[in-house]
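**Student:** Handing over query-v4.csv, CSV, C-alpha atoms.
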chain,number,residue,atom,x,y,z
A,1,MET,CA,-54.1,-10.3,30.4
A,2,LEU,CA,-50.6,-11.8,30.7
A,3,GLN,CA,-48.0,-9.3,29.6
A,4,GLY,CA,-44.9,-9.3,27.6
A,5,TRP,CA,-41.4,-9.1,29.0
A,6,GLY,CA,-40.3,-5.7,30.3
A,7,THR,CA,-43.8,-4.2,29.9
A,8,HIS,CA,-46.2,-2.7,32.4
A,9,LEU,CA,-49.9,-3.3,32.8
A,10,GLY,CA,-50.9,0.1,31.3
A,11,MET,CA,-49.5,-0.9,28.0
A,12,TYR,CA,-52.5,-3.2,27.5
A,13,ASP,CA,-55.2,-0.6,28.1
A,14,SER,CA,-56.1,-0.6,24.4
A,15,VAL,CA,-56.5,-4.4,24.5
A,16,ALA,CA,-58.9,-4.0,27.4
A,17,ALA,CA,-60.8,-1.2,25.7
A,18,ALA,CA,-61.6,-3.5,22.8
A,19,ILE,CA,-63.7,-5.9,24.8
A,20,ASN,CA,-64.2,-4.6,28.4
A,21,GLU,CA,-67.7,-3.3,27.7
A,22,LYS,CA,-68.8,-7.0,27.6
A,23,TYR,CA,-66.2,-8.7,29.8
A,24,ARG,CA,-64.4,-8.1,33.1
A,25,PHE,CA,-60.9,-7.5,31.9
A,26,VAL,CA,-58.1,-8.1,34.5
A,27,GLN,CA,-54.7,-6.4,34.1
A,28,PHE,CA,-51.8,-6.8,36.5
A,29,ASP,CA,-48.0,-6.8,36.6
A,30,LEU,CA,-46.3,-10.1,37.0
A,31,PRO,CA,-43.6,-10.2,39.7
A,32,GLY,CA,-40.6,-8.4,38.4
A,33,PHE,CA,-42.6,-6.6,35.7
A,34,GLY,CA,-43.9,-3.0,35.9
A,35,ALA,CA,-44.5,-1.9,39.5
A,36,SER,CA,-44.4,-5.4,41.0
A,37,ASP,CA,-41.6,-6.6,43.2
A,38,GLU,CA,-39.2,-9.1,41.8
A,39,PRO,CA,-39.4,-12.7,42.9
A,40,ARG,CA,-36.9,-13.5,45.7
A,41,GLU,CA,-35.3,-16.2,43.5
A,42,ALA,CA,-35.0,-16.7,39.8
A,43,TRP,CA,-38.3,-18.0,38.4
A,44,ASN,CA,-38.7,-20.1,35.3
A,45,VAL,CA,-41.9,-20.0,33.2
A,46,ASP,CA,-43.5,-22.8,35.3
A,47,ALA,CA,-43.0,-20.7,38.5
A,48,TYR,CA,-44.8,-17.8,36.8
A,49,ALA,CA,-47.6,-20.2,35.8
A,50,ASP,CA,-47.8,-21.4,39.5
A,51,PHE,CA,-48.0,-17.7,40.6
A,52,PHE,CA,-50.8,-17.1,38.1
A,53,LEU,CA,-52.8,-20.0,39.6
A,54,GLN,CA,-52.5,-18.5,43.0
A,55,PHE,CA,-53.5,-15.1,41.6
A,56,MET,CA,-56.7,-16.6,40.0
A,57,GLU,CA,-57.5,-18.3,43.3
A,58,ALA,CA,-57.1,-15.1,45.2
A,59,LEU,CA,-59.6,-13.4,42.9
A,60,GLY,CA,-62.0,-16.3,42.9
A,61,ILE,CA,-62.0,-16.6,39.2
A,62,LYS,CA,-63.2,-20.0,38.0
A,63,LYS,CA,-63.6,-19.4,34.3
A,64,ALA,CA,-61.6,-17.1,32.0
A,65,ALA,CA,-60.3,-16.4,28.5
A,66,LEU,CA,-56.5,-15.9,28.6
A,67,ILE,CA,-54.8,-13.3,26.4
A,68,GLY,CA,-51.0,-13.3,26.3
A,69,HIS,CA,-48.5,-11.1,24.6
A,70,SER,CA,-44.9,-12.3,24.0
A,71,TYR,CA,-43.7,-13.7,27.4
A,72,GLY,CA,-47.3,-13.9,28.6
A,73,GLY,CA,-47.9,-16.4,25.8
A,74,ARG,CA,-45.3,-18.6,27.3
A,75,VAL,CA,-47.1,-18.7,30.6
A,76,ILE,CA,-50.4,-19.5,28.9
A,77,ILE,CA,-48.9,-22.3,26.8
A,78,LYS,CA,-47.6,-23.8,30.0
A,79,LEU,CA,-51.0,-23.5,31.7
A,80,ALA,CA,-53.1,-24.8,28.8
A,81,ALA,CA,-50.8,-27.9,28.5
A,82,ARG,CA,-51.4,-28.8,32.2
A,83,GLU,CA,-54.2,-31.2,33.3
A,84,ASN,CA,-56.7,-30.6,36.1
A,85,LEU,CA,-56.4,-26.8,36.3
A,86,PRO,CA,-58.4,-25.3,39.2
A,87,PHE,CA,-60.1,-23.0,36.7
A,88,GLU,CA,-61.5,-23.3,33.2
A,89,ILE,CA,-59.7,-21.7,30.2
A,90,THR,CA,-62.5,-20.9,27.8
A,91,ARG,CA,-60.4,-19.6,24.9
A,92,ILE,CA,-57.0,-18.2,24.2
A,93,VAL,CA,-55.5,-15.3,22.4
A,94,LEU,CA,-51.7,-15.3,21.7
A,95,ILE,CA,-50.3,-12.0,20.5
A,96,ASP,CA,-46.8,-12.2,19.0
A,97,SER,CA,-46.2,-15.0,21.5
A,98,ALA,CA,-42.9,-16.4,22.5
A,99,GLY,CA,-42.3,-20.1,23.1
A,100,ILE,CA,-40.6,-21.4,19.9
A,101,LEU,CA,-36.9,-21.9,20.3
A,102,PRO,CA,-35.2,-21.0,16.9
A,103,LYS,CA,-32.7,-23.3,15.4
A,104,LYS,CA,-29.2,-21.9,15.6
A,105,THR,CA,-27.2,-21.5,12.4
A,106,PHE,CA,-23.6,-22.6,12.2
A,107,SER,CA,-22.4,-19.0,12.4
A,108,GLN,CA,-24.5,-18.4,15.5
A,109,LYS,CA,-23.1,-21.6,17.1
A,110,VAL,CA,-19.6,-20.3,16.4
A,111,ARG,CA,-20.3,-16.9,17.9
A,112,ILE,CA,-21.8,-18.5,21.0
A,113,ARG,CA,-18.7,-20.7,21.4
A,114,LYS,CA,-16.4,-17.7,21.1
A,115,TYR,CA,-18.5,-15.7,23.5
A,116,LYS,CA,-18.4,-18.5,26.1
A,117,MET,CA,-14.6,-18.9,25.8
A,118,LEU,CA,-14.1,-15.1,26.1
A,119,LYS,CA,-16.5,-14.9,29.0
A,120,GLY,CA,-14.6,-17.7,30.8
A,121,ILE,CA,-11.3,-15.8,30.4
A,122,LEU,CA,-12.7,-12.4,31.5
A,123,ASN,CA,-14.3,-14.0,34.6
A,124,MET,CA,-10.9,-15.0,35.9
A,125,LYS,CA,-10.2,-12.9,39.0
A,126,VAL,CA,-6.6,-12.0,37.8
A,127,ILE,CA,-7.8,-10.8,34.4
A,128,TYR,CA,-10.7,-8.8,36.0
A,129,ALA,CA,-8.4,-7.2,38.5
A,130,LEU,CA,-6.3,-5.8,35.6
A,131,PHE,CA,-9.1,-4.4,33.5
A,132,PRO,CA,-12.3,-4.1,35.6
A,133,GLU,CA,-13.8,-1.1,33.8
A,134,LEU,CA,-13.2,-2.6,30.3
A,135,ILE,CA,-14.7,-5.9,31.3
A,136,ASP,CA,-17.7,-4.4,32.9
A,137,ASP,CA,-18.4,-2.3,29.8
A,138,TRP,CA,-18.1,-5.5,27.6
A,139,ARG,CA,-20.5,-7.3,29.9
A,140,ASN,CA,-23.1,-4.5,29.7
A,141,ARG,CA,-23.0,-4.6,25.9
A,142,GLN,CA,-23.8,-8.3,25.7
A,143,GLY,CA,-27.2,-9.9,25.1
A,144,SER,CA,-30.5,-8.5,23.9
A,145,ALA,CA,-32.0,-5.2,24.8
A,146,ASP,CA,-34.3,-6.9,27.2
A,147,TYR,CA,-31.4,-8.7,28.8
A,148,ARG,CA,-29.4,-5.5,29.2
A,149,ALA,CA,-32.3,-3.6,30.7
A,150,ALA,CA,-33.1,-6.3,33.2
A,151,SER,CA,-31.8,-6.5,36.8
A,152,PRO,CA,-29.5,-9.4,37.7
A,153,MET,CA,-32.4,-11.4,39.1
A,154,MET,CA,-34.6,-10.9,36.1
A,155,ARG,CA,-31.8,-11.7,33.7
A,156,LYS,CA,-31.7,-15.2,35.3
A,157,CYS,CA,-35.5,-15.5,34.7
A,158,LEU,CA,-35.1,-14.3,31.1
A,159,VAL,CA,-32.3,-16.7,30.3
A,160,MET,CA,-34.3,-19.7,31.6
A,161,ALA,CA,-37.3,-18.6,29.5
A,162,VAL,CA,-35.5,-18.0,26.2
A,163,ASN,CA,-33.6,-21.3,26.3
A,164,GLU,CA,-36.8,-23.4,26.8
A,165,ASP,CA,-38.6,-24.7,23.7
A,166,LEU,CA,-42.4,-25.0,24.2
A,167,THR,CA,-43.1,-26.5,20.8
A,168,GLY,CA,-43.8,-29.9,22.3
A,169,LEU,CA,-46.5,-28.5,24.5
A,170,LEU,CA,-48.6,-27.0,21.7
A,171,PRO,CA,-50.5,-30.1,20.7
A,172,LYS,CA,-51.7,-30.4,24.3
A,173,ILE,CA,-53.7,-27.1,24.0
A,174,LYS,CA,-57.3,-28.0,23.4
A,175,GLN,CA,-58.9,-24.6,23.7
A,176,GLU,CA,-59.9,-22.6,20.7
A,177,THR,CA,-56.9,-20.3,20.1
A,178,LEU,CA,-56.6,-17.1,18.1
A,179,LEU,CA,-53.1,-16.1,17.0
A,180,ILE,CA,-52.5,-12.4,16.2
A,181,TRP,CA,-49.2,-11.5,14.7
A,182,GLY,CA,-47.3,-8.7,13.1
A,183,ASP,CA,-45.7,-9.9,9.8
A,184,LYS,CA,-42.7,-7.7,10.5
A,185,ASP,CA,-42.1,-9.1,14.0
A,186,THR,CA,-38.4,-9.8,14.5
A,187,ALA,CA,-38.5,-10.9,18.1
A,188,THR,CA,-41.0,-13.7,17.6
A,189,PRO,CA,-41.2,-14.0,13.8
A,190,ILE,CA,-44.2,-14.9,11.8
A,191,THR,CA,-42.7,-18.4,11.2
A,192,ASP,CA,-43.3,-19.0,14.9
A,193,ALA,CA,-47.0,-18.2,14.4
A,194,LYS,CA,-47.3,-20.7,11.6
A,195,ILE,CA,-45.7,-23.4,13.7
A,196,MET,CA,-48.2,-22.6,16.5
A,197,GLU,CA,-51.1,-22.6,14.0
A,198,GLU,CA,-50.0,-26.0,12.7
A,199,LYS,CA,-49.5,-27.6,16.2
A,200,ILE,CA,-52.5,-26.2,18.1
A,201,GLN,CA,-55.7,-27.9,17.1
A,202,GLY,CA,-58.5,-25.5,16.4
A,203,SER,CA,-56.3,-22.4,16.1
A,204,GLY,CA,-56.5,-19.6,13.6
A,205,LEU,CA,-54.0,-16.9,12.6
A,206,ALA,CA,-54.7,-13.2,11.9
A,207,VAL,CA,-51.7,-11.4,10.4
A,208,LEU,CA,-51.4,-7.6,10.9
A,209,SER,CA,-49.5,-6.3,7.8
A,210,GLY,CA,-46.6,-3.9,8.5
A,211,ALA,CA,-46.7,-4.5,12.3
A,212,GLY,CA,-43.9,-5.7,14.5
A,213,HIS,CA,-43.7,-7.3,17.9
A,214,PHE,CA,-46.2,-4.9,19.4
A,215,SER,CA,-48.8,-5.5,16.7
A,216,PHE,CA,-51.7,-4.5,18.9
A,217,LEU,CA,-50.2,-1.0,19.3
A,218,GLU,CA,-48.9,-0.6,15.8
A,219,GLN,CA,-52.2,-1.5,14.1
A,220,PRO,CA,-54.7,-0.6,16.8
A,221,GLN,CA,-57.9,-0.3,14.8
A,222,ILE,CA,-57.4,-3.6,12.9
A,223,PHE,CA,-56.5,-5.3,16.2
A,224,ARG,CA,-59.5,-3.9,17.9
A,225,ASN,CA,-61.8,-5.1,15.1
A,226,ILE,CA,-60.3,-8.6,15.3
A,227,MET,CA,-60.8,-8.8,19.0
A,228,ARG,CA,-64.3,-7.5,19.0
A,229,THR,CA,-65.3,-10.0,16.3
A,230,TYR,CA,-63.6,-12.9,18.1
A,231,PHE,CA,-65.2,-12.1,21.4
A,232,GLU,CA,-68.5,-11.2,19.8
A,233,VAL,CA,-68.7,-7.7,21.0
A,234,LYS,CA,-71.5,-5.9,19.1
A,235,PRO,CA,-70.8,-2.5,17.5
Output the structure of this file as structure tokens.
**Tutor:**
Amino acid sequence: MLQGWGTHLGMYDSVAAAINEKYRFVQFDLPGFGASDEPREAWNVDAYADFFLQFMEALGIKKAALIGHSYGGRVIIKLAARENLPFEITRIVLIDSAGILPKKTFSQKVRIRKYKMLKGILNMKVIYALFPELIDDWRNRQGSADYRAASPMMRKCLVMAVNEDLTGLLPKIKQETLLIWGDKDTATPITDAKIMEEKIQGSGLAVLSGAGHFSFLEQPQIFRNIMRTYFEVKP
């Protein structure tokens, strides 16, 4: 189980409970997530994929199905697109996965340009010396909730991730892939799921009505039934 950004391993207990009577289910915190120490330098998604390879080697796992939520989906896409992996990915489940870089509207581009201009001015030592508290308050109110909650090191990791578009890697995924999505997801919208379904050969999409970015928690029974059916866990 590869987790979403800012989560801890225990959040995925219900995912494990759906299939662990038949499968060995491995949960862990990625570096900088949950109770794990942060990496010593800012990691991009490829660095997290490299860490996961070392993790699998340490556990001696040679064959596994990979399940990823949000950021964890990014790592799985990176792994599945590589050649000559040291272990076999048997199948993939992507739950409200990240990886698609949305196209920016004109108004968004204008806001970004204004933000960068203002940031450049406020970062000037003379200006900061005059209004340190106001500038610190402004900085703390910028970015997404995940960005604001992250440490300085993890903010760097997050910025690298969200600015990378993995759409071009999707056709390289050859494993059977199940996409599970909440139709009310605003973090990784259902349009992302449809792009993934189109680009990944042999993929299928299950939509959880009324659920958001944590669809597996918001529609637990339906999610459980989908997982048990897909992994052929008998009632």
**Student:** Applying 6 Å and only C-alpha atoms, which residues near region 54-67 of chain A remain after dropping the ones on its own chain fewer than 6 positions away? List them as a list of chain:residue names.
**Tutor:** A:Met1, A:Phe87, A:Glu88, A:Ile89, A:Thr90, A:Arg91, A:Ile92, A:Val93, A:Leu94
**Student:** Pick out the residues sitting within 9 Å of Ala81 (chain A), and hand them over as JSON, numbers by chain; count all atoms listed in the file, and ignore anything fewer than 5 positions along from it in its own chain.
**Tutor:** {"A": [76, 169, 170, 171, 172, 173, 174]}
**Student:** Hey, can you spit out that residue selection with C-alpha atoms as a PDB file, in the frame of the given file?
**Tutor:**
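Result saved to out-v5.pdb:
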ATOM      1  CA  ILE A  76     -50.400 -19.500  28.900  1.00  0.00           C
ATOM      2  CA  LEU A 169     -46.500 -28.500  24.500  1.00  0.00           C
ATOM      3  CA  LEU A 170     -48.600 -27.000  21.700  1.00  0.00           C
ATOM      4  CA  PRO A 171     -50.500 -30.100  20.700  1.00  0.00           C
ATOM      5  CA  LYS A 172     -51.700 -30.400  24.300  1.00  0.00           C
ATOM      6  CA  ILE A 173     -53.700 -27.100  24.000  1.00  0.00           C
ATOM      7  CA  LYS A 174     -57.300 -28.000  23.400  1.00  0.00           C
TER       8      LYS A 174
END
**Student:** Could you state the separation of CA of Val45 (chain A) and CA of Lys78 (chain A) in Å, given to one decimal place?
**Tutor:**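 Those two atoms sit 7.6 Å apart.
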**Student:** Show me, as a PDB file with C-alpha atoms, in the frame of the given file, the residues that have an atom within 7 Å of Val75 (chain A) when counting all atoms listed in the file, minus same-chain residues fewer than 4 positions from it.
**Tutor:**
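Final file, out.pdb:
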ATOM      1  CA  VAL A  45     -41.900 -20.000  33.200  1.00  0.00           C
ATOM      2  CA  TYR A  48     -44.800 -17.800  36.800  1.00  0.00           C
ATOM      3  CA  ALA A  49     -47.600 -20.200  35.800  1.00  0.00           C
ATOM      4  CA  TYR A  71     -43.700 -13.700  27.400  1.00  0.00           C
ATOM      5  CA  LEU A  79     -51.000 -23.500  31.700  1.00  0.00           C
TER       6      LEU A  79
END
**Student:** At a cut-off of 7 Å, using only C-alpha atoms, what residues contact Thr186 (chain A)? Leave out same-chain residues fewer than 2 positions from it and give the result as a ChimeraX atom specification.
**Tutor:** /A:184,188-189,212-213
